$ cat entry-v8.txt   # compact mmCIF, C-alpha atoms
# COMPACT_ATOMS: atom_id res chain seq x y z
CA MET Q 1345 -38.18 0.17 20.30
CA THR Q 1346 -40.19 -1.19 17.39
CA ALA Q 1347 -38.76 -1.24 13.93
CA ALA Q 1348 -41.36 1.22 12.73
CA SER Q 1349 -40.76 4.00 15.23
CA VAL Q 1350 -40.33 7.44 13.74
CA LEU Q 1351 -37.01 8.99 14.66
CA LEU Q 1352 -36.97 12.17 12.64
CA GLU Q 1353 -39.91 14.00 11.19
CA LEU Q 1354 -39.89 17.04 8.95
CA ARG Q 1355 -43.04 19.12 8.70
CA ASN Q 1356 -43.37 21.72 6.01
CA VAL Q 1357 -39.66 22.48 5.92
CA ALA Q 1358 -38.49 25.11 3.49
CA CYS Q 1359 -35.13 26.63 2.95
CA GLU Q 1360 -34.25 29.90 1.31
CA ARG Q 1361 -30.80 30.88 0.08
CA ASP Q 1362 -30.08 34.22 -1.55
CA GLU Q 1363 -33.80 35.01 -1.94
CA ARG Q 1364 -34.39 31.73 -3.78
CA PHE Q 1365 -36.10 28.72 -2.28
CA LEU Q 1366 -34.06 25.51 -2.55
CA PHE Q 1367 -36.96 23.32 -1.50
CA ALA Q 1368 -40.31 23.92 0.16
CA GLN Q 1369 -43.19 22.09 1.80
CA LEU Q 1370 -40.84 19.23 2.54
CA ASN Q 1371 -42.68 16.66 4.63
CA ALA Q 1372 -40.92 13.44 5.48
CA SER Q 1373 -40.67 10.86 8.24
CA PHE Q 1374 -37.56 8.83 8.81
CA TYR Q 1375 -37.89 5.54 10.67
CA ALA Q 1376 -35.45 3.51 12.70
CA GLY Q 1377 -33.84 0.91 10.45
CA GLN Q 1378 -33.94 2.98 7.28
CA VAL Q 1379 -31.17 3.93 4.92
CA VAL Q 1380 -32.31 7.03 3.06
CA GLN Q 1381 -30.51 8.40 0.07
CA ILE Q 1382 -31.18 12.07 -0.54
CA LEU Q 1383 -31.13 12.81 -4.23
CA GLY Q 1384 -31.06 15.94 -6.27
CA PRO Q 1385 -28.86 17.64 -8.85
CA ASN Q 1386 -25.98 19.90 -7.86
CA GLY Q 1387 -27.18 22.97 -6.01
CA SER Q 1388 -30.56 21.49 -5.14
CA GLY Q 1389 -29.92 21.77 -1.40
CA LYS Q 1390 -28.79 18.29 -0.34
CA THR Q 1391 -25.91 19.58 1.75
CA THR Q 1392 -28.08 22.38 3.09
CA LEU Q 1393 -30.73 19.89 4.20
CA LEU Q 1394 -28.12 17.70 5.90
CA ARG Q 1395 -26.61 20.70 7.68
CA ILE Q 1396 -30.09 21.62 8.91
CA LEU Q 1397 -30.65 18.06 10.11
CA ALA Q 1398 -27.22 18.01 11.77
CA GLY Q 1399 -28.12 21.14 13.73
CA ILE Q 1400 -25.43 23.34 12.17
CA SER Q 1401 -27.81 25.56 10.25
CA LYS Q 1402 -30.91 26.99 11.92
CA ASP Q 1403 -31.79 29.05 8.91
CA PHE Q 1404 -34.97 27.38 7.69
CA TYR Q 1405 -38.76 27.46 7.90
CA GLY Q 1406 -40.92 24.69 9.27
CA ASP Q 1407 -40.58 22.18 12.10
CA ILE Q 1408 -38.33 19.24 12.78
CA PHE Q 1409 -39.19 16.63 15.39
CA TRP Q 1410 -36.83 14.18 17.03
CA GLN Q 1411 -38.70 11.18 18.45
CA SER Q 1412 -41.87 13.32 18.29
CA GLN Q 1413 -40.38 16.17 20.32
CA PRO Q 1414 -39.59 19.54 18.68
CA LEU Q 1415 -35.88 19.50 17.89
CA ASN Q 1416 -35.20 22.75 19.76
CA ASN Q 1417 -36.49 21.20 23.00
CA VAL Q 1418 -34.32 18.10 22.78
CA ALA Q 1419 -31.26 19.59 21.10
CA TRP Q 1420 -28.94 18.09 23.71
CA ASP Q 1421 -30.29 14.54 23.34
CA TYR Q 1422 -30.26 14.91 19.61
CA ALA Q 1423 -26.63 16.04 19.63
CA ASN Q 1424 -25.81 12.89 21.61
CA ASP Q 1425 -27.77 10.69 19.23
CA SER Q 1426 -26.59 12.05 15.90
CA LEU Q 1427 -23.35 11.87 14.01
CA TYR Q 1428 -22.65 14.23 11.14
CA LEU Q 1429 -19.92 13.71 8.61
CA GLY Q 1430 -19.72 16.58 6.18
CA HIS Q 1431 -17.90 16.77 2.91
CA LEU Q 1432 -15.10 18.43 4.85
CA PRO Q 1433 -13.87 15.40 6.77
CA GLY Q 1434 -13.04 17.26 10.00
CA ILE Q 1435 -9.63 15.63 10.24
CA LYS Q 1436 -6.56 17.57 11.36
CA LYS Q 1437 -3.75 16.87 8.95
CA SER Q 1438 -0.98 17.52 11.46
CA LEU Q 1439 -2.37 14.95 13.85
CA THR Q 1440 -2.16 11.19 13.51
CA PRO Q 1441 -5.34 9.18 12.84
CA ILE Q 1442 -5.44 7.95 16.41
CA GLU Q 1443 -5.08 11.50 17.81
CA ASN Q 1444 -7.91 12.65 15.55
CA LEU Q 1445 -10.16 9.82 16.69
CA ARG Q 1446 -9.31 10.43 20.34
CA TRP Q 1447 -10.77 13.92 20.04
CA TYR Q 1448 -13.96 12.55 18.51
CA ALA Q 1449 -14.10 9.85 21.17
CA SER Q 1450 -14.03 12.51 23.87
CA VAL Q 1451 -17.25 13.95 22.42
CA GLN Q 1452 -19.01 10.81 23.62
CA GLY Q 1453 -17.14 10.71 26.91
CA GLY Q 1454 -13.98 8.90 25.93
CA VAL Q 1455 -13.29 5.54 24.34
CA ALA Q 1456 -10.44 3.11 25.05
CA ASP Q 1457 -7.52 3.33 22.65
CA GLU Q 1458 -7.89 -0.34 21.63
CA THR Q 1459 -11.39 0.42 20.36
CA LEU Q 1460 -9.98 3.25 18.26
CA VAL Q 1461 -7.20 1.03 16.89
CA ASN Q 1462 -9.88 -1.55 16.02
CA ALA Q 1463 -11.93 1.14 14.31
CA LEU Q 1464 -8.92 2.07 12.17
CA GLY Q 1465 -8.42 -1.62 11.37
CA GLN Q 1466 -12.00 -1.81 10.15
CA VAL Q 1467 -11.33 0.90 7.57
CA GLN Q 1468 -8.13 -0.85 6.46
CA LEU Q 1469 -5.82 1.63 8.16
CA ALA Q 1470 -4.15 -0.79 10.56
CA GLY Q 1471 -0.51 0.21 10.84
CA TYR Q 1472 -1.25 3.85 10.03
CA GLU Q 1473 -2.23 4.76 13.61
CA ASN Q 1474 0.79 6.98 14.14
CA THR Q 1475 1.36 8.30 10.63
CA PRO Q 1476 0.61 12.02 10.39
CA CYS Q 1477 -2.54 12.53 8.34
CA TYR Q 1478 -0.81 14.83 5.83
CA ARG Q 1479 1.04 11.72 4.61
CA LEU Q 1480 -2.24 9.93 3.85
CA SER Q 1481 -4.06 9.98 0.51
CA ALA Q 1482 -7.47 11.60 0.05
CA GLY Q 1483 -9.17 8.21 0.24
CA GLN Q 1484 -7.30 7.28 3.39
CA LEU Q 1485 -8.25 10.62 4.99
CA ARG Q 1486 -11.88 9.86 4.20
CA ARG Q 1487 -11.40 6.46 5.82
CA VAL Q 1488 -10.05 8.08 8.99
CA ALA Q 1489 -13.23 10.15 9.15
CA LEU Q 1490 -15.36 7.06 8.48
CA ALA Q 1491 -13.63 5.20 11.31
CA ARG Q 1492 -15.75 7.37 13.61
CA LEU Q 1493 -18.77 5.28 12.60
CA ALA Q 1494 -17.20 2.17 14.12
CA PHE Q 1495 -17.24 3.43 17.71
CA SER Q 1496 -20.08 5.93 17.56
CA ARG Q 1497 -23.13 5.38 19.72
CA ALA Q 1498 -25.28 7.71 17.61
CA LYS Q 1499 -28.64 6.50 16.30
CA VAL Q 1500 -28.71 8.81 13.31
CA TRP Q 1501 -25.86 9.00 10.86
CA ILE Q 1502 -25.94 12.03 8.60
CA LEU Q 1503 -23.38 11.48 5.87
CA ASP Q 1504 -22.66 14.02 3.14
CA GLU Q 1505 -21.02 12.35 0.15
CA PRO Q 1506 -19.24 9.71 2.24
CA PHE Q 1507 -18.23 7.70 -0.83
CA THR Q 1508 -16.03 10.48 -2.21
CA ALA Q 1509 -12.47 9.30 -2.92
CA LEU Q 1510 -13.16 5.76 -1.68
CA ASP Q 1511 -12.01 2.80 -3.77
CA LYS Q 1512 -14.35 -0.05 -4.76
CA SER Q 1513 -13.70 -2.17 -1.69
CA GLY Q 1514 -14.07 0.93 0.49
CA VAL Q 1515 -17.48 1.60 -1.04
CA SER Q 1516 -18.74 -1.92 -0.41
CA GLU Q 1517 -17.34 -1.92 3.15
CA LEU Q 1518 -19.16 1.31 3.86
CA GLU Q 1519 -22.38 -0.07 2.35
CA ALA Q 1520 -22.08 -3.10 4.61
CA HIS Q 1521 -21.56 -0.77 7.54
CA LEU Q 1522 -24.67 1.23 6.69
CA MET Q 1523 -26.70 -1.98 6.44
CA ALA Q 1524 -25.43 -3.18 9.79
CA HIS Q 1525 -26.37 0.14 11.38
CA SER Q 1526 -29.90 0.06 10.00
CA ALA Q 1527 -30.26 -3.60 11.05
CA ASN Q 1528 -29.42 -2.45 14.58
CA GLY Q 1529 -32.29 0.04 14.48
CA GLY Q 1530 -30.21 3.01 13.38
CA LEU Q 1531 -31.12 5.56 10.76
CA VAL Q 1532 -28.80 6.60 7.93
CA LEU Q 1533 -29.31 9.73 5.87
CA VAL Q 1534 -26.84 9.88 3.05
CA THR Q 1535 -26.21 11.92 -0.07
CA SER Q 1536 -24.36 10.44 -2.97
CA HIS Q 1537 -24.28 10.77 -6.72
CA GLN Q 1538 -23.43 7.09 -7.02
CA ASP Q 1539 -25.86 4.23 -6.70
CA ILE Q 1540 -25.87 2.76 -3.23
CA ASN Q 1541 -26.19 -1.02 -3.04
CA VAL Q 1542 -28.28 -1.44 0.06
CA PRO Q 1543 -31.49 -3.51 0.13
CA ASP Q 1544 -34.63 -1.48 0.94
CA LEU Q 1545 -32.88 1.76 0.15
CA GLN Q 1546 -35.31 4.65 0.60
CA VAL Q 1547 -35.01 7.67 -1.63
CA LEU Q 1548 -35.88 11.28 -0.95
CA ASN Q 1549 -35.68 13.36 -4.10
CA LEU Q 1550 -35.49 17.08 -3.43
CA LEU Q 1551 -36.92 17.75 -6.89
CA ASP Q 1552 -40.24 16.38 -5.54
CA PHE Q 1553 -40.51 19.49 -3.36
CA PRO Q 1554 -40.26 22.35 -5.81
CA VAL Q 1555 -41.39 25.82 -5.02
CA ASP Q 1556 -44.62 26.85 -6.60
CA ALA Q 1557 -44.26 30.59 -6.66
CA GLN Q 1558 -48.02 31.20 -6.92
CA SER Q 1559 -49.25 28.97 -4.16
CA PHE Q 1560 -46.37 29.14 -1.74
CA ASN Q 1561 -46.74 31.64 1.04
CA ARG Q 1562 -43.61 32.35 2.98
CA PRO Q 1563 -44.32 31.08 6.51
CA GLU Q 1564 -43.14 34.20 8.30
CA ASP Q 1565 -44.25 33.03 11.72
CA ALA Q 1566 -42.24 29.83 11.61
CA VAL Q 1567 -38.79 31.35 11.39
CA TYR Q 1568 -36.16 29.58 13.44
CA GLY Q 1569 -33.20 31.60 14.46
CA MET W 1386 -20.43 14.73 34.73
CA ALA W 1387 -17.31 13.14 33.30
CA ASN W 1388 -18.52 14.24 29.91
CA SER W 1389 -18.52 17.91 30.86
CA SER W 1390 -14.82 18.23 31.43
CA SER W 1391 -13.56 15.85 28.80
CA LEU W 1392 -14.20 17.78 25.59
CA PHE W 1393 -12.66 20.88 27.17
CA TRP W 1394 -9.50 18.92 27.97
CA ALA W 1395 -9.55 17.02 24.69
CA THR W 1396 -9.72 20.28 22.75
CA PHE W 1397 -7.09 21.82 25.01
CA LYS W 1398 -4.72 18.88 24.49
CA ARG W 1399 -5.38 18.66 20.77
CA ASP W 1400 -4.74 22.36 20.19
CA LEU W 1401 -1.60 22.26 22.33
CA ILE W 1402 -0.25 19.38 20.22
CA LEU W 1403 -1.18 21.31 17.07
CA ALA W 1404 0.57 24.44 18.36
CA PHE W 1405 3.76 22.48 18.91
CA ARG W 1406 3.51 20.75 15.51
CA HIS W 1407 3.17 24.17 13.83
CA LYS W 1408 6.09 25.80 15.57
CA GLY W 1409 6.48 28.29 12.73
CA ASP W 1410 3.04 29.79 13.35
CA MET W 1411 3.72 29.95 17.06
CA VAL W 1412 7.15 31.59 16.71
CA ASN W 1413 6.03 34.14 14.10
CA PRO W 1414 4.56 36.74 16.51
CA LEU W 1415 7.48 36.26 18.89
CA VAL W 1416 10.01 36.91 16.13
CA PHE W 1417 8.05 40.00 15.10
CA PHE W 1418 8.11 41.21 18.71
CA LEU W 1419 11.85 40.59 19.00
CA ILE W 1420 12.80 42.15 15.67
CA ALA W 1421 10.57 45.21 15.98
CA ILE W 1422 11.93 46.06 19.41
CA THR W 1423 15.52 45.38 18.43
CA MET W 1424 15.15 47.96 15.67
CA ILE W 1425 14.07 50.78 17.97
CA PRO W 1426 17.51 51.49 19.51
CA LEU W 1427 19.10 51.10 16.09
CA ALA W 1428 16.81 53.75 14.64
CA LEU W 1429 16.72 56.16 17.59
CA GLY W 1430 20.29 55.77 18.75
CA PRO W 1431 21.45 54.21 22.00
CA GLU W 1432 20.76 57.24 24.19
CA LYS W 1433 19.72 55.77 27.51
CA ALA W 1434 17.44 58.59 28.68
CA VAL W 1435 15.40 58.53 25.45
CA LEU W 1436 15.02 54.74 25.38
CA MET W 1437 14.09 54.58 29.05
CA ARG W 1438 11.27 57.04 28.48
CA ILE W 1439 9.74 55.25 25.49
CA ALA W 1440 10.43 51.65 26.57
CA PRO W 1441 7.10 50.92 28.35
CA GLY W 1442 5.03 52.25 25.46
CA ILE W 1443 7.11 50.55 22.78
CA ILE W 1444 7.06 47.14 24.46
CA TRP W 1445 3.31 47.33 25.00
CA VAL W 1446 2.50 48.48 21.47
CA MET W 1447 4.65 45.73 19.98
CA ALA W 1448 3.09 43.08 22.24
CA LEU W 1449 -0.34 44.25 21.10
CA LEU W 1450 0.61 44.11 17.43
CA ALA W 1451 2.20 40.68 17.87
CA THR W 1452 -1.02 39.38 19.44
CA LEU W 1453 -3.04 40.92 16.61
CA LEU W 1454 -0.83 39.10 14.08
CA SER W 1455 -1.60 35.74 15.62
CA LEU W 1456 -5.39 36.11 15.86
CA ASP W 1457 -6.44 35.24 12.34
CA SER W 1458 -5.26 31.64 12.69
CA LEU W 1459 -7.25 31.01 15.89
CA PHE W 1460 -10.28 29.40 14.21
CA ARG W 1461 -9.11 29.44 10.59
CA SER W 1462 -7.77 25.89 10.27
CA ASP W 1463 -10.74 24.45 12.19
CA PHE W 1464 -13.06 26.24 9.78
CA ASP W 1465 -11.16 25.00 6.73
CA ASP W 1466 -11.00 21.33 7.68
CA GLY W 1467 -14.53 20.98 9.04
CA SER W 1468 -13.67 20.42 12.70
CA LEU W 1469 -15.38 23.69 13.61
CA GLU W 1470 -18.75 22.26 12.46
CA GLN W 1471 -18.07 19.21 14.59
CA LEU W 1472 -17.29 21.41 17.59
CA LEU W 1473 -20.56 23.26 17.04
CA ILE W 1474 -22.78 20.18 17.04
CA ALA W 1475 -20.97 18.30 19.79
CA PRO W 1476 -23.16 17.70 22.86
CA TYR W 1477 -21.02 20.08 24.86
CA PRO W 1478 -21.23 23.81 25.63
CA LEU W 1479 -19.51 25.62 22.77
CA THR W 1480 -18.48 28.40 25.16
CA LEU W 1481 -16.22 26.00 27.03
CA SER W 1482 -14.60 24.42 24.00
CA VAL W 1483 -13.99 27.93 22.63
CA LEU W 1484 -12.44 28.86 25.98
CA ALA W 1485 -10.10 25.86 25.66
CA LYS W 1486 -8.93 27.13 22.29
CA ILE W 1487 -8.40 30.65 23.68
CA VAL W 1488 -6.35 29.32 26.61
CA VAL W 1489 -4.09 27.46 24.19
CA HIS W 1490 -3.77 30.60 22.06
CA TRP W 1491 -2.65 32.53 25.13
CA LEU W 1492 -0.19 29.81 26.18
CA ALA W 1493 1.30 29.86 22.69
CA THR W 1494 1.52 33.66 22.23
CA GLY W 1495 0.70 35.76 25.29
CA LEU W 1496 2.77 33.79 27.77
CA PRO W 1497 5.95 33.63 25.65
CA LEU W 1498 5.56 37.37 24.89
CA THR W 1499 5.35 38.06 28.62
CA LEU W 1500 8.42 35.95 29.32
CA MET W 1501 10.41 37.62 26.55
CA ALA W 1502 9.48 41.15 27.57
CA PRO W 1503 12.03 41.67 30.42
CA LEU W 1504 14.82 40.66 28.07
CA LEU W 1505 13.73 43.29 25.59
CA GLY W 1506 13.30 45.72 28.49
CA VAL W 1507 17.04 45.39 29.13
CA MET W 1508 17.66 46.22 25.49
CA LEU W 1509 15.62 49.41 25.87
CA SER W 1510 17.31 50.31 29.20
CA LEU W 1511 14.11 49.89 31.16
CA PRO W 1512 14.95 50.34 34.86
CA ALA W 1513 15.05 47.08 36.81
CA SER W 1514 12.33 48.38 39.12
CA ALA W 1515 9.83 48.17 36.25
CA PHE W 1516 10.37 44.51 35.34
CA VAL W 1517 7.87 43.15 37.81
CA ALA W 1518 5.21 45.59 36.66
CA LEU W 1519 6.02 44.77 33.02
CA CYS W 1520 5.50 41.04 33.59
CA TYR W 1521 2.33 41.42 35.65
CA SER W 1522 0.74 43.91 33.28
CA LEU W 1523 1.57 41.82 30.21
CA LEU W 1524 0.36 38.65 31.91
CA LEU W 1525 -3.06 40.19 32.55
CA GLY W 1526 -3.14 42.23 29.35
CA THR W 1527 -2.20 39.48 26.88
CA ALA W 1528 -4.78 37.13 28.40
CA ALA W 1529 -7.48 39.79 27.96
CA MET W 1530 -6.26 40.43 24.42
CA SER W 1531 -6.46 36.71 23.51
CA LEU W 1532 -10.04 36.60 24.84
CA ILE W 1533 -11.23 39.77 23.10
CA GLY W 1534 -9.35 38.87 19.94
CA ALA W 1535 -11.18 35.54 19.78
CA VAL W 1536 -14.45 37.42 19.27
CA GLY W 1537 -12.97 39.25 16.30
CA ALA W 1538 -11.50 36.02 14.91
CA ALA W 1539 -14.85 34.25 15.30
CA LEU W 1540 -16.73 37.04 13.50
CA THR W 1541 -14.37 37.00 10.52
CA VAL W 1542 -13.58 33.29 10.21
CA SER W 1543 -15.87 32.75 7.24
CA LEU W 1544 -14.35 35.64 5.28
CA ARG W 1545 -11.47 34.77 3.01
CA LYS W 1546 -9.55 37.94 3.85
CA GLY W 1547 -10.53 38.61 7.43
CA GLY W 1548 -7.16 39.81 8.72
CA MET W 1549 -7.74 43.50 8.14
CA LEU W 1550 -11.25 43.36 9.54
CA ILE W 1551 -10.11 41.69 12.77
CA SER W 1552 -7.79 44.63 13.46
CA LEU W 1553 -10.61 47.10 12.93
CA ILE W 1554 -13.01 45.19 15.18
CA VAL W 1555 -10.59 44.44 17.95
CA MET W 1556 -8.38 47.54 18.06
CA PRO W 1557 -10.84 49.86 19.87
CA LEU W 1558 -11.22 47.22 22.59
CA TYR W 1559 -7.46 46.84 22.91
CA ILE W 1560 -6.87 50.55 23.48
CA PRO W 1561 -7.86 50.67 27.17
CA ILE W 1562 -5.66 47.63 27.81
CA LEU W 1563 -2.78 49.38 26.08
CA ILE W 1564 -3.27 52.60 28.03
CA PHE W 1565 -3.39 50.96 31.45
CA GLY W 1566 -0.69 48.41 30.66
CA ALA W 1567 1.82 50.95 29.43
CA SER W 1568 0.90 53.30 32.25
CA ALA W 1569 1.59 50.59 34.86
CA VAL W 1570 5.09 50.04 33.50
CA GLN W 1571 5.70 53.79 33.20
CA ALA W 1572 4.66 54.32 36.82
CA ALA W 1573 6.92 51.50 37.99
CA ALA W 1574 9.83 52.92 36.02
CA LEU W 1575 9.35 56.25 37.82
CA GLY W 1576 9.17 54.44 41.15
CA GLU W 1577 5.48 55.17 41.67
CA ALA W 1578 2.71 52.80 42.72
CA TYR W 1579 1.06 50.89 39.88
CA ASN W 1580 -1.60 48.93 41.78
CA MET W 1581 -4.44 50.91 40.29
CA GLN W 1582 -3.44 50.11 36.69
CA LEU W 1583 -3.02 46.43 37.48
CA ALA W 1584 -6.40 46.39 39.18
CA VAL W 1585 -8.04 47.88 36.10
CA LEU W 1586 -6.28 45.33 33.87
CA GLY W 1587 -7.42 42.54 36.19
CA ALA W 1588 -10.99 43.80 36.10
CA GLY W 1589 -10.81 43.95 32.31
CA LEU W 1590 -9.55 40.38 32.23
CA ALA W 1591 -12.35 39.22 34.52
CA ILE W 1592 -15.00 40.81 32.32
CA ALA W 1593 -13.38 39.43 29.16
CA LEU W 1594 -13.18 35.95 30.70
CA LEU W 1595 -16.87 36.08 31.47
CA LEU W 1596 -18.18 37.56 28.23
CA ALA W 1597 -15.68 36.90 25.43
CA PRO W 1598 -16.12 33.09 25.17
CA LEU W 1599 -19.90 33.56 25.06
CA ALA W 1600 -19.64 36.21 22.37
CA ALA W 1601 -17.09 34.18 20.39
CA ALA W 1602 -19.31 31.07 20.55
CA GLY W 1603 -22.29 33.07 19.28
CA ALA W 1604 -20.20 34.62 16.54
CA LEU W 1605 -18.94 31.19 15.45
CA ARG W 1606 -22.49 29.89 15.09
CA VAL W 1607 -23.35 32.83 12.88
CA SER W 1608 -20.15 32.50 10.83
CA VAL W 1609 -20.51 28.78 10.19
CA ASN W 1610 -24.21 29.15 9.39
CA ALA W 1611 -23.56 31.77 6.72
$ encode --input "entry-v8.txt" --output "structure tokens"
Amino acid sequence: MTAASVLLELRNVACERDERFLFAQLNASFYAGQVVQILGPNGSGKTTLLRILAGISKDFYGDIFWQSQPLNNVAWDYANDSLYLGHLPGIKKSLTPIENLRWYASVQGGVADETLVNALGQVQLAGYENTPCYRLSAGQLRRVALARLAFSRAKVWILDEPFTALDKSGVSELEAHLMAHSANGGLVLVTSHQDINVPDLQVLNLLDFPVDAQSFNRPEDAVYG
Amino acid sequence: MANSSSLFWATFKRDLILAFRHKGDMVNPLVFFLIAITMIPLALGPEKAVLMRIAPGIIWVMALLATLLSLDSLFRSDFDDGSLEQLLIAPYPLTLSVLAKIVVHWLATGLPLTLMAPLLGVMLSLPASAFVALCYSLLLGTAAMSLIGAVGAALTVSLRKGGMLISLIVMPLYIPILIFGASAVQAAALGEAYNMQLAVLGAGLAIALLLAPLAAAGALRVSVNA
């Protein structure tokens, strides 16, 4: 795979919530090796866009292509190749970190426990493997969720506010992780209100795709559902 | 396809561990079942003939209400902590992972209810001849109720106060189960054959097993999307 291959492509994507368009005529191509920060003020649709890209929400207009195939045709491959981390961390508080990770590991067909212990070590949670998650702090919970990145085989990481509750060293560790992923030919789509210190950071500002009420015709025929 | 069975079992194991870590939630419907039935002889008096006549109906109604009590929590915590989204986008049929959750729900509520029922039957002077029918009918009936209830729980998971709505959605579907279940026990108590009722319950369970996980999976996609 060349460094310039397009992984994800959005064509004329628009999203409507409560009879109001969040963004429209959104055209973008995301390449392997990119780290893309999605910007926009609160309520501009960052989370909505990520949920669409993660495949959770099908409530949008326009087309999305994964490796130049329509997303609906390759949904299974895409599910295998993408990792979504929402602002809800998806961590069960009554389980221990290792039990949580074991469930996520099973999604990709199972991973040896040592790999999971290593992953927890990478997010500075060595020694917490068997502590119930309700005893952990908010930042540590976020780290448990981020440990998934260490053993994931996904090409696309879709991260919604992953820096929330992380301390300074956690932020720089995560930035290093994102860089390493893009250097390996991965793609990172991330929202954050903080500045991200990654060289060649790409930016997608949702305010660049406003809705022009006069010119915009609702693409009725392109409804996904 | 090692991958095909593993998320089913992973979800099954995880939910089983969670059920045992939240013993309070698991015991709640059982305690309701026990207390409600214990109160019947206290309120009606210990007259054996009266209790014997109402026992099948009472046990079945209470088992149904106890199941109804436990439904709201089926997908609630997954929805609140974000693991439901993860289940939705996992490269794995949602129908099967939902089925894993339903099986655990039944193991944690329906099965203990079934095992407790003969004990409560003694309390209500149910004739010994009806115990087998009671266990069989509850075994089939509670499994069908867990399956059907999951559809209601999936439809209401995104609503803050879904409890009342679940009852309204699910109750009409529970009524045939209640009628045939109670009637099987009644027939056994009178020494009559109850094969027909069990067969109907079994058929209901088969249909629910086939359709309910599909419907629940679809409902979850709609609920999480909203």
$ residues_near_point --input "entry-v8.txt" --point "(-10.4, 6.2, -4.6)" --cutoff "12 Å" --atoms "all atoms listed in the file" --output "list in words"
Ser1481, Ala1482, Gly1483, Gln1484, Leu1485, Arg1486, Arg1487, Pro1506, Phe1507, Thr1508, Ala1509, Leu1510, Asp1511, Lys1512, Ser1513, Gly1514 and Val1515 of chain Q
$ residues_around --input "entry-v8.txt" --residues "Lys1436 in chain Q" --least-positions-apart "5" --cutoff "8 Å" --atoms "only C-alpha atoms" --output "list in words"
Asn1444 and Cys1477 of chain Q; Asp1466 and Ser1468 of chain W
$ atom_distance --input "entry-v8.txt" --atom1 "CA of His1537 in chain Q" --atom2 "CA of Pro1554 in chain Q"
19.8 Å
$ atom_distance --input "entry-v8.txt" --atom1 "CA of Ile1540 in chain Q" --atom2 "CA of Trp1410 in chain Q"
25.7 Å
$ closest_residue --input "entry-v8.txt" --among "Q:Ile1396, Q:Val1532, Q:Ala1527, Q:Leu1445" --to "Leu1490 in chain Q" --atoms "only C-alpha atoms"
Q:Leu1445
$ closest_residue --input "entry-v8.txt" --among "Q:Gly1406, Q:Pro1476, Q:Gly1465, Q:Gly1453" --to "Leu1439 in chain Q" --atoms "all atoms listed in the file"
Q:Pro1476
$ closest_residue --input "entry-v8.txt" --among "Q:Lys1499, Q:Ala1494, Q:Val1451, Q:Asp1504" --to "Leu1479 in chain W" --atoms "all atoms listed in the file"
Q:Val1451
$ closest_atom_pairs --input "entry-v8.txt" --of "chain W" --to "chain Q" --cutoff "10 Å" --atoms "all atoms listed in the file" --output "Markdown table"
| residue | atom | partner | partner_atom | distance |
| --- | --- | --- | --- | --- |
| W:Met1386 | CA | Q:Gly1453 | CA | 9.4 |
| W:Ala1387 | CA | Q:Gly1453 | CA | 6.8 |
| W:Asn1388 | CA | Q:Gly1453 | CA | 4.8 |
| W:Ser1389 | CA | Q:Gly1453 | CA | 8.3 |
| W:Ser1390 | CA | Q:Gly1453 | CA | 9.1 |
| W:Ser1391 | CA | Q:Ser1450 | CA | 6.0 |
| W:Leu1392 | CA | Q:Ser1450 | CA | 5.5 |
| W:Phe1393 | CA | Q:Ser1450 | CA | 9.1 |
| W:Trp1394 | CA | Q:Ser1450 | CA | 8.9 |
| W:Ala1395 | CA | Q:Trp1447 | CA | 5.7 |
| W:Thr1396 | CA | Q:Trp1447 | CA | 7.0 |
| W:Lys1398 | CA | Q:Trp1447 | CA | 9.0 |
| W:Arg1399 | CA | Q:Trp1447 | CA | 7.2 |
| W:Ile1402 | CA | Q:Leu1439 | CA | 8.0 |
| W:Leu1403 | CA | Q:Ser1438 | CA | 6.8 |
| W:Ala1404 | CA | Q:Ser1438 | CA | 9.9 |
| W:Arg1406 | CA | Q:Ser1438 | CA | 6.9 |
| W:His1407 | CA | Q:Ser1438 | CA | 8.2 |
| W:Ser1462 | CA | Q:Lys1436 | CA | 8.5 |
| W:Asp1463 | CA | Q:Gly1434 | CA | 7.9 |
| W:Phe1464 | CA | Q:Gly1434 | CA | 9.0 |
| W:Asp1465 | CA | Q:Leu1432 | CA | 7.9 |
| W:Asp1466 | CA | Q:Gly1434 | CA | 5.1 |
| W:Gly1467 | CA | Q:Gly1434 | CA | 4.1 |
| W:Ser1468 | CA | Q:Gly1434 | CA | 4.2 |
| W:Leu1469 | CA | Q:Gly1434 | CA | 7.7 |
| W:Glu1470 | CA | Q:Ile1400 | CA | 6.8 |
| W:Gln1471 | CA | Q:Gly1434 | CA | 7.1 |
| W:Leu1472 | CA | Q:Val1451 | CA | 8.9 |
| W:Leu1473 | CA | Q:Ile1400 | CA | 6.9 |
| W:Ile1474 | CA | Q:Ala1423 | CA | 6.2 |
| W:Ala1475 | CA | Q:Ala1423 | CA | 6.1 |
| W:Pro1476 | CA | Q:Ala1423 | CA | 5.0 |
| W:Tyr1477 | CA | Q:Val1451 | CA | 7.6 |
| W:Pro1478 | CA | Q:Trp1420 | CA | 9.8 |
| W:Arg1606 | CA | Q:Ile1400 | CA | 7.8 |
| W:Val1607 | CA | Q:Ser1401 | CA | 8.9 |
| W:Val1609 | CA | Q:Ile1400 | CA | 7.6 |
| W:Asn1610 | CA | Q:Ser1401 | CA | 5.2 |
| W:Ala1611 | CA | Q:Ser1401 | CA | 8.3 |
$ residues_around --input "entry-v8.txt" --residues "Leu1558 in chain W" --least-positions-apart "4" --cutoff "9 Å" --atoms "all atoms listed in the file" --output "MDAnalysis selection string"
chainID W and resid 1530 1533:1534 1554 1562
$ residues_near_point --input "entry-v8.txt" --point "(5.1, 33.7, 13.1)" --cutoff "12 Å" --atoms "all atoms listed in the file" --output "PyMOL selection string"
chain W and resi 1404+1407-1420+1451-1458+1493-1494
